[in-house]
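Below: model38.tsv (TSV, C-alpha atoms)
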chain	number	residue	atom	x	y	z
P	1	MET	CA	-5.95	-36.73	26.35
P	2	ASP	CA	-2.16	-36.44	26.86
P	3	GLN	CA	-1.82	-39.96	25.52
P	4	LEU	CA	-3.68	-38.93	22.35
P	5	VAL	CA	-1.41	-35.92	21.80
P	6	GLU	CA	1.64	-38.12	22.34
P	7	GLN	CA	0.33	-40.63	19.79
P	8	LYS	CA	-0.30	-37.84	17.29
P	9	ASN	CA	3.24	-36.49	17.75
P	10	LEU	CA	4.67	-39.99	17.34
P	11	PHE	CA	2.70	-40.41	14.10
P	12	GLN	CA	3.92	-37.03	12.80
P	13	ASN	CA	7.53	-37.84	13.68
P	14	HIS	CA	7.20	-41.20	11.94
P	15	GLN	CA	5.76	-39.49	8.86
P	16	GLU	CA	8.58	-36.90	8.83
P	17	GLU	CA	11.21	-39.62	9.26
P	18	ASN	CA	9.83	-41.42	6.21
P	19	LEU	CA	9.49	-38.26	4.12
P	20	ASP	CA	11.47	-38.19	0.89
P	21	LEU	CA	13.57	-35.04	1.30
P	22	SER	CA	15.40	-35.35	-2.02
P	23	LEU	CA	15.75	-32.35	-4.35
P	24	GLU	CA	13.56	-34.15	-6.90
P	25	ALA	CA	10.75	-34.55	-4.36
P	26	GLU	CA	11.13	-30.90	-3.36
P	27	LYS	CA	10.95	-29.72	-6.98
P	28	LYS	CA	7.92	-31.92	-7.68
P	29	ILE	CA	5.98	-30.28	-4.84
P	30	ALA	CA	7.21	-26.77	-5.78
P	31	ARG	CA	6.16	-27.24	-9.42
P	32	SER	CA	2.59	-27.94	-8.32
P	33	PHE	CA	2.38	-24.30	-7.17
P	34	MET	CA	3.72	-22.78	-10.41
P	35	GLY	CA	2.18	-21.68	-13.67
P	36	ARG	CA	-1.06	-19.89	-12.83
P	37	ILE	CA	-1.85	-16.30	-13.81
P	38	GLU	CA	-1.54	-14.15	-10.68
P	39	TRP	CA	-4.71	-12.12	-11.29
P	40	GLU	CA	-4.48	-10.61	-7.77
P	41	MET	CA	-1.31	-8.74	-8.80
P	42	ILE	CA	-2.88	-7.55	-12.05
P	43	ALA	CA	-5.79	-6.18	-9.99
P	44	ILE	CA	-3.48	-4.55	-7.40
P	45	GLY	CA	-1.22	-3.00	-10.06
P	46	LEU	CA	-4.00	-1.46	-12.12
P	47	THR	CA	-6.16	-0.46	-9.14
P	48	GLN	CA	-3.41	1.34	-7.25
P	49	CYS	CA	-2.39	3.22	-10.42
P	50	LEU	CA	-6.01	4.20	-11.11
P	51	PHE	CA	-6.31	5.23	-7.46
P	52	TRP	CA	-3.16	7.38	-7.86
P	53	PHE	CA	-4.67	9.24	-10.83
P	54	GLY	CA	-7.97	9.48	-8.94
P	55	VAL	CA	-6.36	11.16	-5.94
P	56	TRP	CA	-4.58	13.61	-8.27
P	57	ALA	CA	-7.91	14.44	-9.93
P	58	MET	CA	-9.68	14.87	-6.58
P	59	VAL	CA	-6.94	17.14	-5.20
P	60	LEU	CA	-6.72	19.26	-8.37
P	61	ASN	CA	-10.50	19.68	-8.45
P	62	GLY	CA	-10.69	20.59	-4.76
P	63	PHE	CA	-12.54	17.46	-3.61
P	64	MET	CA	-9.67	16.38	-1.36
P	65	PRO	CA	-7.17	18.47	0.65
P	66	LEU	CA	-3.56	18.19	-0.48
P	67	TRP	CA	-2.35	16.82	2.87
P	68	ALA	CA	-4.94	14.01	2.76
P	69	GLY	CA	-3.93	13.17	-0.81
P	70	CYS	CA	-0.29	13.05	0.27
P	71	LEU	CA	-0.96	10.69	3.21
P	72	THR	CA	-3.17	8.44	1.06
P	73	LEU	CA	-0.61	8.20	-1.74
P	74	ILE	CA	2.28	7.50	0.65
P	75	ILE	CA	0.42	4.29	1.56
P	76	SER	CA	-0.85	3.37	-1.92
P	77	THR	CA	2.54	3.96	-3.60
P	78	THR	CA	4.04	1.16	-1.48
P	79	PHE	CA	1.75	-1.15	-3.48
P	80	ALA	CA	3.26	-0.02	-6.80
P	81	TYR	CA	6.30	-2.30	-6.81
P	82	LEU	CA	4.96	-5.82	-6.17
P	83	PRO	CA	2.88	-6.06	-9.40
P	84	SER	CA	5.99	-5.09	-11.39
P	85	HIS	CA	7.96	-7.66	-9.39
P	86	ALA	CA	5.36	-10.29	-10.31
P	87	GLY	CA	5.75	-9.24	-13.96
P	88	GLN	CA	9.55	-9.48	-13.68
P	89	HIS	CA	9.13	-13.17	-12.81
P	90	GLY	CA	6.42	-13.81	-15.41
P	91	HIS	CA	3.67	-14.41	-12.82
P	92	LEU	CA	1.21	-12.12	-14.61
P	93	SER	CA	1.03	-14.39	-17.66
P	94	GLY	CA	1.60	-17.69	-15.83
P	95	ASN	CA	2.41	-20.40	-18.33
P	96	LYS	CA	0.33	-18.69	-21.08
P	97	LYS	CA	2.98	-17.51	-23.54
P	98	HIS	CA	0.51	-15.43	-25.57
P	99	LEU	CA	-0.19	-13.29	-22.49
P	100	ASP	CA	3.46	-12.43	-21.95
P	101	TRP	CA	2.75	-8.76	-22.78
P	102	LEU	CA	0.84	-8.50	-19.48
P	103	ASN	CA	4.12	-8.80	-17.58
P	104	PHE	CA	5.57	-5.65	-19.13
P	105	TRP	CA	2.46	-3.52	-19.48
P	106	VAL	CA	0.88	-4.15	-16.09
P	107	GLY	CA	4.35	-3.95	-14.51
P	108	GLN	CA	5.13	-0.62	-16.17
P	109	ILE	CA	1.70	0.93	-15.53
P	110	SER	CA	1.93	-0.10	-11.89
P	111	LEU	CA	5.30	1.67	-11.58
P	112	ILE	CA	3.98	5.13	-12.63
P	113	PRO	CA	3.67	6.32	-8.99
P	114	LEU	CA	7.29	5.23	-8.40
P	115	ALA	CA	8.48	6.81	-11.70
P	116	GLN	CA	10.56	3.70	-12.41
P	117	SER	CA	11.30	1.58	-15.46
P	118	HIS	CA	9.94	-1.98	-15.32
P	119	GLU	CA	12.70	-3.23	-17.63
P	120	ILE	CA	15.53	-1.76	-15.56
P	121	LEU	CA	14.05	-3.11	-12.34
P	122	LYS	CA	13.64	-6.49	-14.03
P	123	ILE	CA	17.21	-6.86	-15.28
P	124	THR	CA	18.72	-5.73	-11.97
P	125	HIS	CA	16.29	-7.85	-9.91
P	126	LEU	CA	17.14	-11.00	-11.88
P	127	LYS	CA	20.83	-10.30	-11.21
P	128	HIS	CA	19.92	-9.96	-7.51
P	129	HIS	CA	18.37	-13.44	-7.64
P	130	ALA	CA	21.38	-14.90	-9.43
P	131	HIS	CA	23.90	-13.33	-7.03
P	132	THR	CA	22.05	-12.64	-3.76
P	133	ASN	CA	24.37	-11.16	-1.09
P	134	ASP	CA	27.43	-11.28	-3.36
P	135	PRO	CA	29.15	-7.91	-2.74
P	136	ASN	CA	30.42	-7.69	-6.33
P	137	ASN	CA	27.36	-8.93	-8.20
P	138	ASP	CA	24.21	-8.22	-6.17
P	139	PRO	CA	22.80	-4.80	-7.24
P	140	ASP	CA	20.91	-4.54	-3.91
P	141	TYR	CA	24.00	-5.22	-1.79
P	142	ASN	CA	24.71	-1.67	-0.60
P	143	HIS	CA	21.30	-0.90	0.84
P	144	THR	CA	20.75	-4.44	2.11
P	145	HIS	CA	23.83	-4.95	4.23
P	146	THR	CA	23.73	-1.83	6.37
P	147	SER	CA	24.15	-1.63	10.14
P	148	GLY	CA	20.53	-0.56	10.66
P	149	TRP	CA	17.19	-0.14	8.88
P	150	PHE	CA	17.45	3.65	8.78
P	151	LYS	CA	20.76	3.49	6.91
P	152	SER	CA	19.14	1.09	4.45
P	153	ALA	CA	16.20	3.51	4.00
P	154	LEU	CA	18.67	6.23	2.99
P	155	ALA	CA	21.10	4.08	1.00
P	156	VAL	CA	18.38	2.72	-1.32
P	157	HIS	CA	18.10	6.18	-2.92
P	158	LEU	CA	21.72	6.02	-4.09
P	159	GLN	CA	20.78	3.18	-6.46
P	160	THR	CA	19.48	5.66	-9.03
P	161	GLY	CA	22.58	7.86	-9.16
P	162	THR	CA	26.30	7.63	-9.66
P	163	ARG	CA	27.39	7.48	-6.01
P	164	ASP	CA	27.05	3.72	-5.60
P	165	GLU	CA	30.41	2.80	-7.11
P	166	ARG	CA	29.91	-0.91	-6.53
P	167	LEU	CA	26.62	-0.84	-8.47
P	168	ASN	CA	28.15	1.31	-11.23
P	169	ASN	CA	30.89	-1.28	-11.72
P	170	MET	CA	28.32	-4.09	-11.93
P	171	ILE	CA	26.22	-2.24	-14.51
P	172	GLU	CA	29.30	-1.38	-16.57
P	173	LYS	CA	30.39	-5.03	-16.52
P	174	TRP	CA	26.97	-6.41	-17.52
P	175	THR	CA	26.50	-3.76	-20.22
P	176	GLU	CA	29.77	-4.91	-21.80
P	177	THR	CA	29.23	-8.66	-21.40
P	178	ASP	CA	25.45	-9.16	-21.60
P	179	PRO	CA	23.80	-7.82	-24.81
P	180	GLU	CA	20.29	-8.47	-23.43
P	181	PHE	CA	21.10	-6.45	-20.32
P	182	LYS	CA	22.45	-3.62	-22.50
P	183	ALA	CA	19.37	-3.55	-24.76
P	184	ALA	CA	16.94	-3.65	-21.82
P	185	SER	CA	18.82	-0.91	-19.97
P	186	GLU	CA	18.67	1.31	-23.06
P	187	ARG	CA	14.91	0.78	-23.44
P	188	GLY	CA	14.45	1.34	-19.70
P	189	GLY	CA	16.62	4.45	-19.89
P	190	MET	CA	14.15	5.98	-22.36
P	191	VAL	CA	11.30	5.32	-19.91
P	192	LEU	CA	13.29	6.99	-17.12
P	193	VAL	CA	13.96	10.06	-19.32
P	194	GLY	CA	10.19	10.16	-19.98
P	195	PHE	CA	9.42	10.14	-16.25
P	196	TYR	CA	12.14	12.77	-15.66
P	197	ILE	CA	10.53	15.13	-18.19
P	198	LEU	CA	6.98	14.36	-16.97
P	199	GLN	CA	7.89	15.21	-13.38
P	200	ILE	CA	9.41	18.53	-14.43
P	201	VAL	CA	6.37	19.41	-16.56
P	202	ALA	CA	4.06	18.41	-13.67
P	203	ALA	CA	6.09	20.51	-11.20
P	204	ILE	CA	5.99	23.59	-13.45
P	205	ASN	CA	2.18	23.33	-13.71
P	206	PHE	CA	1.30	21.94	-10.25
P	207	PRO	CA	4.36	22.48	-8.03
P	208	LEU	CA	3.11	21.65	-4.54
P	209	GLU	CA	0.86	18.85	-5.80
P	210	THR	CA	3.79	17.24	-7.63
P	211	LEU	CA	5.94	17.49	-4.52
P	212	LEU	CA	3.35	16.02	-2.16
P	213	LEU	CA	1.48	13.61	-4.43
P	214	TRP	CA	4.36	12.21	-6.46
P	215	TRP	CA	7.89	13.04	-5.26
P	216	LEU	CA	7.44	12.59	-1.50
P	217	PRO	CA	5.27	9.42	-1.64
P	218	ARG	CA	7.67	7.72	-4.06
P	219	LYS	CA	10.72	8.65	-1.97
P	220	LEU	CA	9.12	7.29	1.22
P	221	ALA	CA	7.83	4.21	-0.61
P	222	THR	CA	11.33	3.54	-2.01
P	223	SER	CA	12.77	3.69	1.52
P	224	TYR	CA	10.06	1.32	2.74
P	225	LEU	CA	10.82	-1.07	-0.12
P	226	GLY	CA	14.56	-0.98	0.58
P	227	VAL	CA	14.06	-1.86	4.24
P	228	ILE	CA	11.21	-4.39	4.00
P	229	PHE	CA	12.10	-6.08	0.69
P	230	SER	CA	15.90	-6.14	0.91
P	231	HIS	CA	17.38	-5.25	4.30
P	232	MET	CA	15.16	-7.34	6.60
P	233	PRO	CA	15.15	-10.61	4.59
P	234	HIS	CA	18.84	-10.59	3.54
P	235	LYS	CA	20.98	-8.45	5.87
P	236	GLY	CA	24.11	-10.15	7.15
P	237	LEU	CA	23.43	-13.45	5.40
P	238	PRO	CA	25.94	-15.26	3.17
P	239	VAL	CA	25.69	-16.32	-0.48
P	240	GLY	CA	23.83	-19.62	-1.07
P	241	ARG	CA	20.45	-20.81	-2.28
P	242	HIS	CA	19.35	-22.04	1.14
P	243	SER	CA	21.13	-19.48	3.29
P	244	ASP	CA	20.75	-16.09	1.56
P	245	THR	CA	17.23	-15.26	2.83
P	246	ARG	CA	15.61	-15.59	6.25
P	247	PHE	CA	12.14	-15.89	7.71
P	248	TRP	CA	11.72	-12.88	9.96
P	249	SER	CA	9.17	-10.92	11.91
P	250	ASN	CA	8.90	-7.36	13.23
P	251	GLY	CA	5.66	-7.50	15.21
P	252	ILE	CA	3.69	-5.91	12.37
P	253	VAL	CA	1.07	-8.02	10.58
P	254	ARG	CA	2.05	-9.72	7.34
P	255	PHE	CA	-0.14	-7.50	5.14
P	256	PHE	CA	1.71	-4.33	6.13
P	257	ASN	CA	5.06	-5.98	5.42
P	258	HIS	CA	3.75	-7.07	2.01
P	259	SER	CA	4.42	-10.64	3.20
P	260	MET	CA	8.15	-10.10	3.01
P	261	GLN	CA	8.55	-12.14	6.22
P	262	ILE	CA	8.21	-15.18	3.97
P	263	HIS	CA	10.51	-13.83	1.22
P	264	ALA	CA	12.72	-16.94	1.70
P	265	MET	CA	10.09	-18.92	-0.23
P	266	HIS	CA	10.44	-16.52	-3.16
P	267	HIS	CA	14.21	-16.93	-3.26
P	268	MET	CA	13.92	-20.71	-3.10
P	269	TYR	CA	11.37	-20.83	-5.98
P	270	PRO	CA	10.89	-17.43	-7.71
P	271	LYS	CA	8.35	-18.94	-10.13
P	272	ILE	CA	5.81	-19.48	-7.34
P	273	CYS	CA	3.33	-16.57	-7.25
P	274	HIS	CA	3.43	-14.23	-4.26
P	275	HIS	CA	-0.13	-15.12	-3.25
P	276	ASP	CA	0.60	-18.87	-3.36
P	277	GLU	CA	3.67	-18.68	-1.14
P	278	PRO	CA	1.86	-19.38	2.17
P	279	LYS	CA	0.47	-22.73	1.02
P	280	ALA	CA	3.74	-23.58	-0.75
P	281	ILE	CA	5.60	-22.99	2.52
P	282	GLU	CA	3.21	-25.28	4.36
P	283	ALA	CA	3.94	-28.01	1.81
P	284	LEU	CA	7.68	-27.39	1.60
P	285	ARG	CA	8.31	-26.70	5.30
P	286	PRO	CA	10.09	-30.05	6.01
P	287	PHE	CA	12.45	-29.41	3.07
P	288	MET	CA	13.14	-25.86	4.25
P	289	VAL	CA	13.94	-27.06	7.77
P	290	ALA	CA	16.12	-29.87	6.39
P	291	ARG	CA	18.04	-27.43	4.13
P	292	GLY	CA	18.64	-25.12	7.09
P	293	ILE	CA	16.93	-22.00	5.69
P	294	PRO	CA	17.36	-19.36	8.43
P	295	GLY	CA	14.21	-19.20	10.58
P	296	ALA	CA	12.44	-22.06	8.76
P	297	ASP	CA	12.28	-24.14	11.94
P	298	ARG	CA	10.38	-21.32	13.66
P	299	ILE	CA	7.61	-20.67	11.14
P	300	PRO	CA	4.10	-21.82	12.13
P	301	GLU	CA	2.59	-24.97	10.56
P	302	ARG	CA	-0.24	-22.88	9.05
P	303	ILE	CA	0.59	-19.63	7.21
P	304	THR	CA	-2.52	-18.87	5.12
P	305	ASN	CA	-4.33	-16.60	7.59
P	306	ASN	CA	-1.47	-16.14	10.02
P	307	PRO	CA	-0.39	-12.52	10.41
P	308	LEU	CA	3.07	-13.82	11.35
P	309	THR	CA	3.70	-11.07	13.89
P	310	LYS	CA	6.25	-13.35	15.53
P	311	LEU	CA	8.11	-16.57	14.81
P	312	LYS	CA	7.85	-19.59	17.11
P	313	THR	CA	10.52	-19.94	19.77
P	314	VAL	CA	12.13	-23.36	19.67
V	1	MET	CA	20.62	11.12	-36.81
V	2	LEU	CA	17.88	10.46	-34.24
V	3	SER	CA	20.00	7.95	-32.35
V	4	ASN	CA	22.87	10.49	-32.24
V	5	LEU	CA	20.51	13.10	-30.83
V	6	ILE	CA	19.23	10.65	-28.20
V	7	GLU	CA	22.83	9.79	-27.29
V	8	VAL	CA	23.72	13.48	-26.91
V	9	ILE	CA	20.65	14.03	-24.66
V	10	PHE	CA	21.50	10.92	-22.62
V	11	ASN	CA	25.11	12.02	-22.14
V	12	HIS	CA	24.05	15.53	-21.20
V	13	LEU	CA	21.50	14.27	-18.67
V	14	THR	CA	24.05	11.86	-17.19
V	15	ASN	CA	26.28	14.80	-16.36
V	16	TRP	CA	23.74	17.59	-15.82
V	17	GLY	CA	20.42	15.83	-15.13
V	18	VAL	CA	20.58	16.55	-11.41
V	19	PHE	CA	21.20	20.26	-12.07
V	20	TRP	CA	18.24	20.61	-14.47
V	21	PHE	CA	16.01	18.74	-12.05
V	22	GLY	CA	17.04	21.03	-9.19
V	23	PHE	CA	16.59	24.12	-11.35
V	24	LEU	CA	13.23	23.29	-12.99
V	25	PHE	CA	11.55	20.84	-10.61
V	26	PHE	CA	12.63	22.26	-7.26
V	27	GLY	CA	12.75	25.81	-8.67
V	28	SER	CA	9.00	25.54	-9.40
V	29	ILE	CA	8.36	24.17	-5.91
V	30	PHE	CA	10.48	26.84	-4.20
V	31	GLY	CA	8.60	29.52	-6.18
V	32	ALA	CA	5.23	28.10	-5.10
V	33	ILE	CA	6.35	27.97	-1.46
V	34	LEU	CA	7.63	31.58	-1.60
V	35	THR	CA	4.32	32.69	-3.16
V	36	LEU	CA	2.45	30.99	-0.32
V	37	ILE	CA	4.60	32.57	2.41
V	38	PHE	CA	4.94	36.08	0.95
V	39	SER	CA	1.52	36.42	-0.67
V	40	ALA	CA	1.63	40.24	-0.39
V	41	TYR	CA	4.60	40.50	-2.78
V	42	ASP	CA	4.65	40.35	-6.59
V	43	SER	CA	4.20	36.69	-7.54
V	44	LYS	CA	6.33	36.91	-10.72
V	45	THR	CA	9.33	38.10	-8.70
V	46	LEU	CA	8.78	35.32	-6.16
V	47	ILE	CA	8.54	32.67	-8.89
V	48	LEU	CA	11.79	33.96	-10.43
V	49	ALA	CA	13.38	33.90	-6.97
V	50	GLY	CA	12.22	30.29	-6.68
V	51	TYR	CA	13.97	29.34	-9.94
V	52	PHE	CA	17.09	31.19	-8.76
V	53	LEU	CA	17.08	29.12	-5.55
V	54	GLY	CA	16.38	26.01	-7.62
V	55	ALA	CA	19.40	26.72	-9.85
V	56	ILE	CA	21.65	27.08	-6.79
V	57	PHE	CA	20.20	23.92	-5.27
V	58	GLY	CA	20.67	22.11	-8.59
V	59	LEU	CA	24.31	23.21	-8.88
V	60	ILE	CA	25.09	22.10	-5.32
V	61	ALA	CA	23.24	18.80	-5.84
V	62	ASN	CA	25.10	18.19	-9.12
V	63	TYR	CA	28.46	18.98	-7.53
V	64	LYS	CA	27.76	16.80	-4.48
V	65	GLU	CA	26.18	14.04	-6.63
V	66	TRP	CA	22.87	14.12	-4.70
V	67	SER	CA	21.12	11.81	-7.14
V	68	TRP	CA	18.33	11.23	-4.58
V	69	ILE	CA	16.78	14.58	-5.52
V	70	ASN	CA	15.29	13.11	-8.72
Just dump the structure as structure tokens.
Amino acid sequence: MDQLVEQKNLFQNHQEENLDLSLEAEKKIARSFMGRIEWEMIAIGLTQCLFWFGVWAMVLNGFMPLWAGCLTLIISTTFAYLPSHAGQHGHLSGNKKHLDWLNFWVGQISLIPLAQSHEILKITHLKHHAHTNDPNNDPDYNHTHTSGWFKSALAVHLQTGTRDERLNNMIEKWTETDPEFKAASERGGMVLVGFYILQIVAAINFPLETLLLWWLPRKLATSYLGVIFSHMPHKGLPVGRHSDTRFWSNGIVRFFNHSMQIHAMHHMYPKICHHDEPKAIEALRPFMVARGIPGADRIPERITNNPLTKLKTV
Amino acid sequence: MLSNLIEVIFNHLTNWGVFWFGFLFFGSIFGAILTLIFSAYDSKTLILAGYFLGAIFGLIANYKEWSWIN
């Protein structure tokens, strides 16, 4: 039996030694996971938004107590961002150009519970990809590189105001130098003014409901997003395509972390859909280990149904 | 004309958006909370008191740049 295992290991080592680890080979494998329409994200985005309106209707009509609506929406609002994120990277239309409108509309509808503009999140998120962990060019820098998760949970709320001087400088610079950024931020600004007015109107008519079904869930969800999507995968890491994101684990199953333990895959190839990342990692694992992506050597061989509550110790 | 008006509104909200949000949004919420706690008192007075508290909260938030309130 031991002899068989030894033989198998020898065969695997031989295979890995002969593996073509060139960038071309890596790209060829990665491309095989790109281009499909991520229908799962379309379903999640529209369902969670419909659910949000449904809970409002149930609470206002007395079918659900306000506290239960609040607890339910705190959880469901955390699902509001990822469909927009998929739209930001064009996953909702895949390689079908004529369906490009899905990226904006599903993305924006999904963001209603977070009262955010899809376009503004898109332009800043693409800058984050281009300049991950660069203190002067990464819009997420301030809430990512904090000394602890709680500080990150608080700091993420400063992104929407004027107190994050570093972010203000970046936006000012890109508004002056990047006409597309300027136009998108103006369109997104209109959406934000719309949400601002809507929230006030909602609060005047349904004050406690607006506080507990909209304001509080979106504030808590934003903190969750700051910690799980930015702080945990990037904190303390340098700039560099293969070094700016880590594989990590916090003992909580992958689903409740929105699979952000494997966020390194997304930063390596942002065009691969979120739901295809596990199988892409399995295929690209030798390349990730060879490139020295933090934690890549400790991820399990199979990811698909693995809750990834911990990384392997090597 | 319209773009000028939008620009004026944008500029105003950039400087005073936090105040208006504190005044109107949180003022409504404070009023509702006061009405819940002091249900024996006149609700109109309590709602006005809520907006008064909201205005103070909005002014402080605007001065301290508490953008997280909106």
Quiz item: Got a sec: who's within 8 Å of region 238-249 of chain P, counting only C-alpha atoms, leaving out chain neighbours fewer than 2 positions off, as a list in words?
Solution: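 My list of contacting residues is His131, Thr132, Asn133, Asp134, Met232, Pro233, His234, Gly236, Gly251, Ile252, Gln261, Ile262, His263, Ala264, His267, Met268, Met288, Arg291, Gly292, Ile293, Pro294, Gly295, Ala296, Ile299, Leu308, Thr309, Lys310 and Leu311 of chain P.
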Could you write out that same residue set with C-alpha atoms as a short mmCIF file (atom, residue, chain, number, x, y, z; two decimals), in the coordinates of the input?
data_model
loop_
_atom_site.label_atom_id
_atom_site.label_comp_id
_atom_site.auth_asym_id
_atom_site.auth_seq_id
_atom_site.Cartn_x
_atom_site.Cartn_y
_atom_site.Cartn_z
CA HIS P 131 23.90 -13.33 -7.03
CA THR P 132 22.05 -12.64 -3.76
CA ASN P 133 24.37 -11.16 -1.09
CA ASP P 134 27.43 -11.28 -3.36
CA MET P 232 15.16 -7.34 6.60
CA PRO P 233 15.15 -10.61 4.59
CA HIS P 234 18.84 -10.59 3.54
CA GLY P 236 24.11 -10.15 7.15
CA GLY P 251 5.66 -7.50 15.21
CA ILE P 252 3.69 -5.91 12.37
CA GLN P 261 8.55 -12.14 6.22
CA ILE P 262 8.21 -15.18 3.97
CA HIS P 263 10.51 -13.83 1.22
CA ALA P 264 12.72 -16.94 1.70
CA HIS P 267 14.21 -16.93 -3.26
CA MET P 268 13.92 -20.71 -3.10
CA MET P 288 13.14 -25.86 4.25
CA ARG P 291 18.04 -27.43 4.13
CA GLY P 292 18.64 -25.12 7.09
CA ILE P 293 16.93 -22.00 5.69
CA PRO P 294 17.36 -19.36 8.43
CA GLY P 295 14.21 -19.20 10.58
CA ALA P 296 12.44 -22.06 8.76
CA ILE P 299 7.61 -20.67 11.14
CA LEU P 308 3.07 -13.82 11.35
CA THR P 309 3.70 -11.07 13.89
CA LYS P 310 6.25 -13.35 15.53
CA LEU P 311 8.11 -16.57 14.81
#
Self-check item: Spatial neighbours of region 185-198 of chain P, 8 Å, only C-alpha atoms, chain gap at least 6 places, as a list in words
Solution: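 Listing them by chain and then by number gives Ala115, Gln116, Ser117, His118, Glu119, Ile120 and Ile123 of chain P; Phe21 and Asn70 of chain V.
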Closest-contact table, chain P side, partner chain V, 7 Å, counting all atoms listed in the file, as JSON lines:
{"residue": "P:His157", "atom": "CA", "partner": "V:Trp68", "partner_atom": "CA", "distance": 5.3}
{"residue": "P:Leu158", "atom": "CA", "partner": "V:Trp68", "partner_atom": "CA", "distance": 6.2}
{"residue": "P:Thr160", "atom": "CA", "partner": "V:Ser67", "partner_atom": "CA", "distance": 6.6}
{"residue": "P:Gly161", "atom": "CA", "partner": "V:Ser67", "partner_atom": "CA", "distance": 4.7}
{"residue": "P:Arg163", "atom": "CA", "partner": "V:Glu65", "partner_atom": "CA", "distance": 6.7}
{"residue": "P:Ile200", "atom": "CA", "partner": "V:Phe25", "partner_atom": "CA", "distance": 5.0}
{"residue": "P:Ala203", "atom": "CA", "partner": "V:Phe25", "partner_atom": "CA", "distance": 5.5}
{"residue": "P:Ile204", "atom": "CA", "partner": "V:Ser28", "partner_atom": "CA", "distance": 5.4}
{"residue": "P:Pro207", "atom": "CA", "partner": "V:Ile29", "partner_atom": "CA", "distance": 4.8}
{"residue": "P:Leu208", "atom": "CA", "partner": "V:Ile29", "partner_atom": "CA", "distance": 6.0}
Next, write the just-selected residues to a file, as a PDB file, in the coordinates of the input, keeping C-alpha atoms as the atom set.
ATOM      1  CA  HIS P 157      18.100   6.180  -2.920  1.00  0.00           C
ATOM      2  CA  LEU P 158      21.720   6.020  -4.090  1.00  0.00           C
ATOM      3  CA  THR P 160      19.480   5.660  -9.030  1.00  0.00           C
ATOM      4  CA  GLY P 161      22.580   7.860  -9.160  1.00  0.00           C
ATOM      5  CA  ARG P 163      27.390   7.480  -6.010  1.00  0.00           C
ATOM      6  CA  ILE P 200       9.410  18.530 -14.430  1.00  0.00           C
ATOM      7  CA  ALA P 203       6.090  20.510 -11.200  1.00  0.00           C
ATOM      8  CA  ILE P 204       5.990  23.590 -13.450  1.00  0.00           C
ATOM      9  CA  PRO P 207       4.360  22.480  -8.030  1.00  0.00           C
ATOM     10  CA  LEU P 208       3.110  21.650  -4.540  1.00  0.00           C
TER      11      LEU P 208
END
Quiz item: Hey, can you check how far CA of Ala43 (chain P) sits from CA of Leu213 (chain P)?
Solution: 21.8 Å
Practice problem: Between CA of Ser93 (chain P) and CA of Ile37 (chain P), measure the distance and give it in Å to one decimal. | Solution: 5.2 Å
